[in-house]
>>> print(open('data_35.pdb').read())   # PDB, C-alpha atoms and all ligand atoms
ATOM      1  CA  MET T  25     153.762 124.741  51.201  1.00  0.00           C
ATOM      2  CA  GLY T  26     154.347 127.285  48.497  1.00  0.00           C
ATOM      3  CA  LEU T  27     152.227 130.377  47.992  1.00  0.00           C
ATOM      4  CA  LYS T  28     152.627 130.608  44.223  1.00  0.00           C
ATOM      5  CA  ARG T  29     156.067 132.168  43.862  1.00  0.00           C
ATOM      6  CA  PRO T  30     157.227 130.751  40.534  1.00  0.00           C
ATOM      7  CA  ASP T  31     160.670 129.769  41.831  1.00  0.00           C
ATOM      8  CA  LEU T  32     159.197 127.919  44.821  1.00  0.00           C
ATOM      9  CA  LYS T  33     157.760 124.830  43.176  1.00  0.00           C
ATOM     10  CA  PRO T  34     157.183 121.583  45.098  1.00  0.00           C
ATOM     11  CA  GLY T  35     160.524 119.888  45.771  1.00  0.00           C
ATOM     12  CA  THR T  36     162.426 123.173  46.025  1.00  0.00           C
ATOM     13  CA  MET T  37     164.692 123.808  49.005  1.00  0.00           C
ATOM     14  CA  ALA T  38     164.623 127.283  50.524  1.00  0.00           C
ATOM     15  CA  VAL T  39     166.498 129.250  53.153  1.00  0.00           C
ATOM     16  CA  THR T  40     164.166 131.234  55.378  1.00  0.00           C
ATOM     17  CA  THR T  41     165.312 134.751  56.239  1.00  0.00           C
ATOM     18  CA  GLN T  42     162.114 136.103  57.813  1.00  0.00           C
ATOM     19  CA  PHE T  43     159.054 134.647  59.504  1.00  0.00           C
ATOM     20  CA  ILE T  44     155.532 135.765  60.378  1.00  0.00           C
ATOM     21  CA  ASP T  45     154.162 134.142  63.521  1.00  0.00           C
ATOM     22  CA  PHE T  46     150.550 132.973  63.648  1.00  0.00           C
ATOM     23  CA  THR T  47     151.030 130.371  66.340  1.00  0.00           C
ATOM     24  CA  LYS T  48     149.022 130.421  69.551  1.00  0.00           C
ATOM     25  CA  GLY T  49     149.176 128.460  72.744  1.00  0.00           C
ATOM     26  CA  ARG T  50     152.804 127.388  72.367  1.00  0.00           C
ATOM     27  CA  ALA T  51     155.436 128.066  75.017  1.00  0.00           C
ATOM     28  CA  SER T  52     157.367 130.697  73.083  1.00  0.00           C
ATOM     29  CA  THR T  53     159.939 132.189  75.460  1.00  0.00           C
ATOM     30  CA  PHE T  54     162.393 131.404  78.229  1.00  0.00           C
ATOM     31  CA  TYR T  55     161.507 134.828  79.676  1.00  0.00           C
ATOM     32  CA  ASN T  56     157.902 134.481  80.779  1.00  0.00           C
ATOM     33  CA  GLY T  57     157.959 137.490  83.112  1.00  0.00           C
ATOM     34  CA  GLU T  58     156.848 135.524  86.131  1.00  0.00           C
ATOM     35  CA  ASN T  59     159.206 132.808  87.185  1.00  0.00           C
ATOM     36  CA  LEU T  60     162.726 131.890  86.316  1.00  0.00           C
ATOM     37  CA  PRO T  61     162.056 129.065  83.891  1.00  0.00           C
ATOM     38  CA  HIS T  62     163.708 125.720  84.261  1.00  0.00           C
ATOM     39  CA  VAL T  63     166.143 125.492  81.389  1.00  0.00           C
ATOM     40  CA  PRO T  64     168.420 122.499  81.050  1.00  0.00           C
ATOM     41  CA  GLY T  65     172.092 122.966  80.322  1.00  0.00           C
ATOM     42  CA  ARG T  66     174.271 125.976  80.990  1.00  0.00           C
ATOM     43  CA  PHE T  67     171.711 128.709  80.359  1.00  0.00           C
ATOM     44  CA  LYS T  68     170.366 130.221  83.575  1.00  0.00           C
ATOM     45  CA  PRO T  69     168.548 133.485  82.818  1.00  0.00           C
ATOM     46  CA  LYS T  70     169.093 136.183  85.429  1.00  0.00           C
ATOM     47  CA  SER T  71     166.198 138.418  84.393  1.00  0.00           C
ATOM     48  CA  LEU T  72     162.474 137.725  84.384  1.00  0.00           C
ATOM     49  CA  LEU T  73     161.912 139.583  81.140  1.00  0.00           C
ATOM     50  CA  ASN T  74     164.066 140.137  78.088  1.00  0.00           C
ATOM     51  CA  HIS T  75     163.319 141.156  74.510  1.00  0.00           C
ATOM     52  CA  VAL T  76     165.372 139.434  71.860  1.00  0.00           C
ATOM     53  CA  ASP T  77     166.089 141.318  68.640  1.00  0.00           C
ATOM     54  CA  MET T  78     164.338 139.637  65.703  1.00  0.00           C
ATOM     55  CA  THR T  79     165.331 142.030  62.921  1.00  0.00           C
ATOM     56  CA  ARG T  80     167.352 139.230  61.362  1.00  0.00           C
ATOM     57  CA  PRO T  81     166.079 136.013  62.928  1.00  0.00           C
ATOM     58  CA  TYR T  82     168.677 133.770  61.270  1.00  0.00           C
ATOM     59  CA  CYS T  83     172.449 133.564  61.501  1.00  0.00           C
ATOM     60  CA  PRO T  84     174.051 135.301  58.478  1.00  0.00           C
ATOM     61  CA  GLU T  85     177.176 133.155  58.740  1.00  0.00           C
ATOM     62  CA  LEU T  86     175.316 129.817  58.731  1.00  0.00           C
ATOM     63  CA  ARG T  87     173.264 131.107  55.829  1.00  0.00           C
ATOM     64  CA  ARG T  88     176.402 131.947  53.839  1.00  0.00           C
ATOM     65  CA  ILE T  89     177.933 128.545  54.612  1.00  0.00           C
ATOM     66  CA  LEU T  90     174.794 126.661  53.607  1.00  0.00           C
ATOM     67  CA  LEU T  91     174.400 128.565  50.338  1.00  0.00           C
ATOM     68  CA  GLU T  92     178.057 127.916  49.526  1.00  0.00           C
ATOM     69  CA  ALA T  93     177.596 124.215  50.270  1.00  0.00           C
ATOM     70  CA  ALA T  94     174.585 124.136  47.937  1.00  0.00           C
ATOM     71  CA  LYS T  95     176.560 125.854  45.189  1.00  0.00           C
ATOM     72  CA  HIS T  96     179.440 123.410  45.609  1.00  0.00           C
ATOM     73  CA  MET T  97     177.058 120.441  45.408  1.00  0.00           C
ATOM     74  CA  GLY T  98     175.164 121.894  42.457  1.00  0.00           C
ATOM     75  CA  VAL T  99     171.938 121.880  44.436  1.00  0.00           C
ATOM     76  CA  LYS T 100     169.351 124.617  43.913  1.00  0.00           C
ATOM     77  CA  VAL T 101     168.418 126.454  47.113  1.00  0.00           C
ATOM     78  CA  VAL T 102     166.222 129.568  46.979  1.00  0.00           C
ATOM     79  CA  ASP T 103     167.479 132.254  49.342  1.00  0.00           C
ATOM     80  CA  GLY T 104     165.476 134.946  51.150  1.00  0.00           C
ATOM     81  CA  VAL T 105     162.144 133.296  51.843  1.00  0.00           C
ATOM     82  CA  THR T 106     159.502 134.578  54.284  1.00  0.00           C
ATOM     83  CA  TYR T 107     157.807 131.777  56.220  1.00  0.00           C
ATOM     84  CA  ALA T 108     154.351 132.081  57.763  1.00  0.00           C
ATOM     85  CA  CYS T 109     154.021 129.766  60.743  1.00  0.00           C
ATOM     86  CA  MET T 110     150.493 128.600  61.495  1.00  0.00           C
ATOM     87  CA  GLU T 111     149.335 126.744  64.597  1.00  0.00           C
ATOM     88  CA  GLY T 112     147.823 123.710  62.837  1.00  0.00           C
ATOM     89  CA  PRO T 113     147.527 120.790  62.994  1.00  0.00           C
ATOM     90  CA  ARG T 114     144.886 121.427  60.347  1.00  0.00           C
ATOM     91  CA  PHE T 115     145.916 122.765  56.965  1.00  0.00           C
ATOM     92  CA  GLU T 116     145.003 126.364  56.106  1.00  0.00           C
ATOM     93  CA  THR T 117     141.831 127.523  54.403  1.00  0.00           C
ATOM     94  CA  ALA T 118     142.041 129.034  50.922  1.00  0.00           C
ATOM     95  CA  ALA T 119     141.125 132.428  52.453  1.00  0.00           C
ATOM     96  CA  GLU T 120     143.989 132.196  54.954  1.00  0.00           C
ATOM     97  CA  ILE T 121     146.391 131.471  52.113  1.00  0.00           C
ATOM     98  CA  ARG T 122     145.152 134.540  50.214  1.00  0.00           C
ATOM     99  CA  MET T 123     145.692 136.606  53.385  1.00  0.00           C
ATOM    100  CA  LEU T 124     149.220 135.260  53.887  1.00  0.00           C
ATOM    101  CA  ARG T 125     150.176 136.144  50.320  1.00  0.00           C
ATOM    102  CA  VAL T 126     148.968 139.721  50.856  1.00  0.00           C
ATOM    103  CA  LEU T 127     151.044 139.895  54.045  1.00  0.00           C
ATOM    104  CA  GLY T 128     154.206 138.948  52.180  1.00  0.00           C
ATOM    105  CA  ALA T 129     154.633 135.273  53.034  1.00  0.00           C
ATOM    106  CA  ASP T 130     156.282 133.024  50.438  1.00  0.00           C
ATOM    107  CA  VAL T 131     155.726 129.701  52.158  1.00  0.00           C
ATOM    108  CA  VAL T 132     153.549 128.407  54.977  1.00  0.00           C
ATOM    109  CA  GLY T 133     154.115 125.691  57.560  1.00  0.00           C
ATOM    110  CA  MET T 134     153.518 124.691  61.166  1.00  0.00           C
ATOM    111  CA  THR T 135     157.051 124.310  62.492  1.00  0.00           C
ATOM    112  CA  LEU T 136     159.938 126.749  62.995  1.00  0.00           C
ATOM    113  CA  VAL T 137     158.228 128.987  65.595  1.00  0.00           C
ATOM    114  CA  PRO T 138     158.939 129.074  68.506  1.00  0.00           C
ATOM    115  CA  GLU T 139     162.123 127.065  67.806  1.00  0.00           C
ATOM    116  CA  VAL T 140     163.856 130.014  66.139  1.00  0.00           C
ATOM    117  CA  VAL T 141     162.845 132.379  68.955  1.00  0.00           C
ATOM    118  CA  LEU T 142     164.016 130.071  71.719  1.00  0.00           C
ATOM    119  CA  ALA T 143     167.333 129.483  69.943  1.00  0.00           C
ATOM    120  CA  ARG T 144     167.901 133.226  69.595  1.00  0.00           C
ATOM    121  CA  GLU T 145     167.029 133.832  73.252  1.00  0.00           C
ATOM    122  CA  LEU T 146     169.899 131.463  73.994  1.00  0.00           C
ATOM    123  CA  ASN T 147     172.168 133.476  71.642  1.00  0.00           C
ATOM    124  CA  MET T 148     172.491 130.436  69.396  1.00  0.00           C
ATOM    125  CA  CYS T 149     173.388 130.623  65.730  1.00  0.00           C
ATOM    126  CA  TYR T 150     170.294 129.324  64.007  1.00  0.00           C
ATOM    127  CA  LEU T 151     169.252 128.650  60.426  1.00  0.00           C
ATOM    128  CA  SER T 152     166.360 126.892  58.777  1.00  0.00           C
ATOM    129  CA  ILE T 153     166.260 125.128  55.461  1.00  0.00           C
ATOM    130  CA  GLY T 154     162.795 124.308  54.233  1.00  0.00           C
ATOM    131  CA  VAL T 155     161.416 122.092  51.512  1.00  0.00           C
ATOM    132  CA  VAL T 156     158.387 123.176  49.511  1.00  0.00           C
ATOM    133  CA  THR T 157     156.188 120.084  49.547  1.00  0.00           C
ATOM    134  CA  ASN T 158     153.152 121.271  47.596  1.00  0.00           C
ATOM    135  CA  LEU T 159     151.123 124.326  46.740  1.00  0.00           C
ATOM    136  CA  ALA T 160     148.906 125.689  49.491  1.00  0.00           C
ATOM    137  CA  ALA T 161     145.120 125.572  49.777  1.00  0.00           C
ATOM    138  CA  GLY T 162     143.270 127.160  46.870  1.00  0.00           C
ATOM    139  CA  LEU T 163     146.298 126.851  44.572  1.00  0.00           C
ATOM    140  CA  GLN T 164     145.771 123.162  43.856  1.00  0.00           C
ATOM    141  CA  GLU T 165     142.731 120.884  44.036  1.00  0.00           C
ATOM    142  CA  ARG T 166     143.295 119.720  47.607  1.00  0.00           C
ATOM    143  CA  VAL T 167     146.156 119.504  50.103  1.00  0.00           C
ATOM    144  CA  SER T 168     147.128 116.093  51.435  1.00  0.00           C
ATOM    145  CA  GLN T 169     149.564 114.724  53.973  1.00  0.00           C
ATOM    146  CA  GLU T 170     150.642 112.033  51.509  1.00  0.00           C
ATOM    147  CA  GLU T 171     152.229 114.433  49.029  1.00  0.00           C
ATOM    148  CA  VAL T 172     154.157 116.054  51.891  1.00  0.00           C
ATOM    149  CA  LYS T 173     155.577 112.638  52.864  1.00  0.00           C
ATOM    150  CA  GLU T 174     156.369 111.760  49.231  1.00  0.00           C
ATOM    151  CA  ILE T 175     158.386 114.928  48.606  1.00  0.00           C
ATOM    152  CA  PHE T 176     160.292 114.534  51.875  1.00  0.00           C
ATOM    153  CA  LYS T 177     161.188 110.933  51.025  1.00  0.00           C
ATOM    154  CA  THR T 178     162.669 112.033  47.698  1.00  0.00           C
ATOM    155  CA  ILE T 179     164.586 115.060  48.938  1.00  0.00           C
ATOM    156  CA  LEU T 180     165.822 113.897  52.329  1.00  0.00           C
ATOM    157  CA  PRO T 181     169.172 112.432  51.108  1.00  0.00           C
ATOM    158  CA  THR T 182     169.996 115.759  49.398  1.00  0.00           C
ATOM    159  CA  VAL T 183     169.084 117.757  52.504  1.00  0.00           C
ATOM    160  CA  ARG T 184     171.189 115.413  54.632  1.00  0.00           C
ATOM    161  CA  GLY T 185     174.213 115.798  52.319  1.00  0.00           C
ATOM    162  CA  LEU T 186     173.815 119.552  52.311  1.00  0.00           C
ATOM    163  CA  LEU T 187     173.648 119.748  56.086  1.00  0.00           C
ATOM    164  CA  ILE T 188     176.689 117.506  56.544  1.00  0.00           C
ATOM    165  CA  ARG T 189     178.784 119.654  54.208  1.00  0.00           C
ATOM    166  CA  ALA T 190     177.549 122.870  55.852  1.00  0.00           C
ATOM    167  CA  ILE T 191     178.335 121.551  59.335  1.00  0.00           C
ATOM    168  CA  GLU T 192     181.808 120.469  58.231  1.00  0.00           C
ATOM    169  CA  HIS T 193     182.475 124.020  57.030  1.00  0.00           C
ATOM    170  CA  THR T 194     181.065 125.782  60.097  1.00  0.00           C
ATOM    171  CA  PRO T 195     183.917 127.379  62.069  1.00  0.00           C
ATOM    172  CA  ARG T 196     184.110 126.727  65.796  1.00  0.00           C
ATOM    173  CA  LYS T 197     184.793 130.390  66.478  1.00  0.00           C
ATOM    174  CA  ARG T 198     181.725 132.584  66.024  1.00  0.00           C
ATOM    175  CA  THR T 199     182.170 136.036  64.495  1.00  0.00           C
ATOM    176  CA  CYS T 200     178.575 136.591  63.327  1.00  0.00           C
ATOM    177  CA  GLY T 201     177.224 138.650  66.237  1.00  0.00           C
ATOM    178  CA  CYS T 202     174.706 136.040  67.374  1.00  0.00           C
ATOM    179  CA  THR T 203     176.425 135.717  70.734  1.00  0.00           C
ATOM    180  CA  SER T 204     175.000 139.016  71.991  1.00  0.00           C
ATOM    181  CA  LEU T 205     171.375 138.975  70.810  1.00  0.00           C
ATOM    182  CA  VAL T 206     170.201 138.880  74.389  1.00  0.00           C
ATOM    183  CA  GLU T 207     172.264 140.822  76.906  1.00  0.00           C
ATOM    184  CA  GLU T 208     171.808 139.698  80.474  1.00  0.00           C
ATOM    185  CA  GLU T 209     172.415 142.296  83.185  1.00  0.00           C
TER     186      GLU T 209
HETATM  187 ZN    ZN O 301     175.548 133.271  64.131  1.00  0.00          ZN
END
>>> encode(input="data_35.pdb", output="structure tokens", more="lines below")
Ligand SMILES: [Zn+2]
Amino acid sequence: MGLKRPDLKPGTMAVTTQFIDFTKGRASTFYNGENLPHVPGRFKPKSLLNHVDMTRPYCPELRRILLEAAKHMGVKVVDGVTYACMEGPRFETAAEIRMLRVLGADVVGMTLVPEVVLARELNMCYLSIGVVTNLAAGLQERVSQEEVKEIFKTILPTVRGLLIRAIEHTPRKRTCGCTSLVEEE
């Protein structure tokens, strides 16, 4: 949901470059400091504790590729958005939305964290493209689940096309620096 930035109207796609985490009670790390977690696949962490750098939470190369794909397709995508992630599942209060605006958030949602954190702990290139579905609490009469579904239904084919083109143009060899976000001893 948008927090009243004029270029982030409902139906707008946006590339997140920063997030603010207000989640609670979610498993948010592979490094829990106690036990070696069970992680499927190739990743087997050697250390109990590790701190992943979150200065730039998203892959700069994937971001460039996605923005280029959008330009090629003539699709408007707003770059450089800060996402506030709330626990939910309830929507926010009007007071919470006022607080988030003061803190510098542009949009608010309930997904994205811890997904981005877990991906970065695995040294994965990661990017998020969001869709502004409506204005947040206090900025319109009321917030409903229906308008979220409606917007998604309309925009999904565009998002799909954008992702397909971006994936097709993603090189197999990574030169973005994401491979060494977490250094294991
Ligand atoms: Zn990367």
>>> residues_near_ligand(input="data_35.pdb", ligand="ligand ZN 301 (chain O)", cutoff="12 Å", atoms="only C-alpha atoms and all ligand atoms", output="number ranges by chain")
T: 80-89, 143-144, 146-151, 194-205
>>> resolve_selection(input="data_35.pdb", expression="the PyMOL selection byres (((chain T and resi 97) around 12) and not hetatm)", output="list in words")
Leu90, Leu91, Glu92, Ala93, Ala94, Lys95, His96, Gly98, Val99, Lys100, Val101, Thr182, Val183, Gly185, Leu186, Leu187, Ile188, Arg189 and Ala190 of chain T
>>> write_last_selection(input="data_35.pdb", atoms="C-alpha atoms", output="compact mmCIF listing (two decimals), keeping the file's coordinate frame")
# COMPACT_ATOMS: atom_id res chain seq x y z
CA LEU T 90 174.79 126.66 53.61
CA LEU T 91 174.40 128.56 50.34
CA GLU T 92 178.06 127.92 49.53
CA ALA T 93 177.60 124.22 50.27
CA ALA T 94 174.58 124.14 47.94
CA LYS T 95 176.56 125.85 45.19
CA HIS T 96 179.44 123.41 45.61
CA GLY T 98 175.16 121.89 42.46
CA VAL T 99 171.94 121.88 44.44
CA LYS T 100 169.35 124.62 43.91
CA VAL T 101 168.42 126.45 47.11
CA THR T 182 170.00 115.76 49.40
CA VAL T 183 169.08 117.76 52.50
CA GLY T 185 174.21 115.80 52.32
CA LEU T 186 173.82 119.55 52.31
CA LEU T 187 173.65 119.75 56.09
CA ILE T 188 176.69 117.51 56.54
CA ARG T 189 178.78 119.65 54.21
CA ALA T 190 177.55 122.87 55.85
>>> residues_near_point(input="data_35.pdb", point="(152.9, 124.2, 63.0)", cutoff="6 Å", atoms="all atoms listed in the file", output="list in words")
Met110, Glu111, Gly112, Gly133, Met134 and Thr135 of chain T
>>> resolve_selection(input="data_35.pdb", expression="the PyMOL selection byres (((chain T and resi 165-179) around 12) and not hetatm)", output="number ranges by chain")
T: 25-26, 33-37, 99-100, 113-118, 133, 154-164, 180-186
>>> axis_aligned_box(input="data_35.pdb", around="stretch 150-156 of chain T", padding_each_side="4 Å", output="AutoDock Vina command-line options")
--center_x 164.3 --center_y 125.7 --center_z 56.8 --size_x 19.9 --size_y 15.2 --size_z 22.5
>>> atom_distance(input="data_35.pdb", atom1="atom CA of T:Ser71", atom2="atom CA of T:Leu136")
25.2 Å
>>> atom_distance(input="data_35.pdb", atom1="atom CA of T:Val126", atom2="atom CA of T:Thr79")
20.5 Å
>>> atom_distance(input="data_35.pdb", atom1="atom CA of T:Ile191", atom2="atom CA of T:Val102")
19.1 Å
>>> closest_residue(input="data_35.pdb", among="T:Val105, T:Leu124, T:Ala119, T:Ala51", to="T:Glu139", atoms="all atoms listed in the file")
T:Ala51
>>> closest_residue(input="data_35.pdb", among="T:Leu73, T:Ile121, T:Val137, T:Glu192", to="T:Asp45", atoms="only C-alpha atoms")
T:Val137
>>> residues_around(input="data_35.pdb", residues="T:Arg50", least_positions_apart="2", cutoff="10 Å", atoms="all atoms listed in the file", output="list in words")
Thr47, Lys48, Ser52, Thr53, Glu111, Val137 and Pro138 of chain T
>>> write_last_selection(input="data_35.pdb", atoms="C-alpha atoms", output="tab-separated table (two decimals), in the frame of the given file")
chain	number	residue	atom	x	y	z
T	47	THR	CA	151.03	130.37	66.34
T	48	LYS	CA	149.02	130.42	69.55
T	52	SER	CA	157.37	130.70	73.08
T	53	THR	CA	159.94	132.19	75.46
T	111	GLU	CA	149.34	126.74	64.60
T	137	VAL	CA	158.23	128.99	65.60
T	138	PRO	CA	158.94	129.07	68.51
>>> resolve_selection(input="data_35.pdb", expression="the PyMOL selection byres (((chain T and resi 76) around 7) and not hetatm)", output="mmCIF file with C-alpha atoms, keeping the file's coordinate frame")
data_model
loop_
_atom_site.group_PDB
_atom_site.id
_atom_site.type_symbol
_atom_site.label_atom_id
_atom_site.label_comp_id
_atom_site.auth_asym_id
_atom_site.auth_seq_id
_atom_site.Cartn_x
_atom_site.Cartn_y
_atom_site.Cartn_z
ATOM 1 C CA ASN T 74 164.066 140.137 78.088
ATOM 2 C CA HIS T 75 163.319 141.156 74.510
ATOM 3 C CA ASP T 77 166.089 141.318 68.640
ATOM 4 C CA MET T 78 164.338 139.637 65.703
ATOM 5 C CA GLU T 145 167.029 133.832 73.252
ATOM 6 C CA LEU T 205 171.375 138.975 70.810
ATOM 7 C CA VAL T 206 170.201 138.880 74.389
#
>>> residues_near_point(input="data_35.pdb", point="(156.7, 141.0, 52.1)", cutoff="10 Å", atoms="only C-alpha atoms", output="list in words")
Gln42, Ile44, Val105, Thr106, Leu124, Arg125, Val126, Leu127, Gly128, Ala129 and Asp130 of chain T
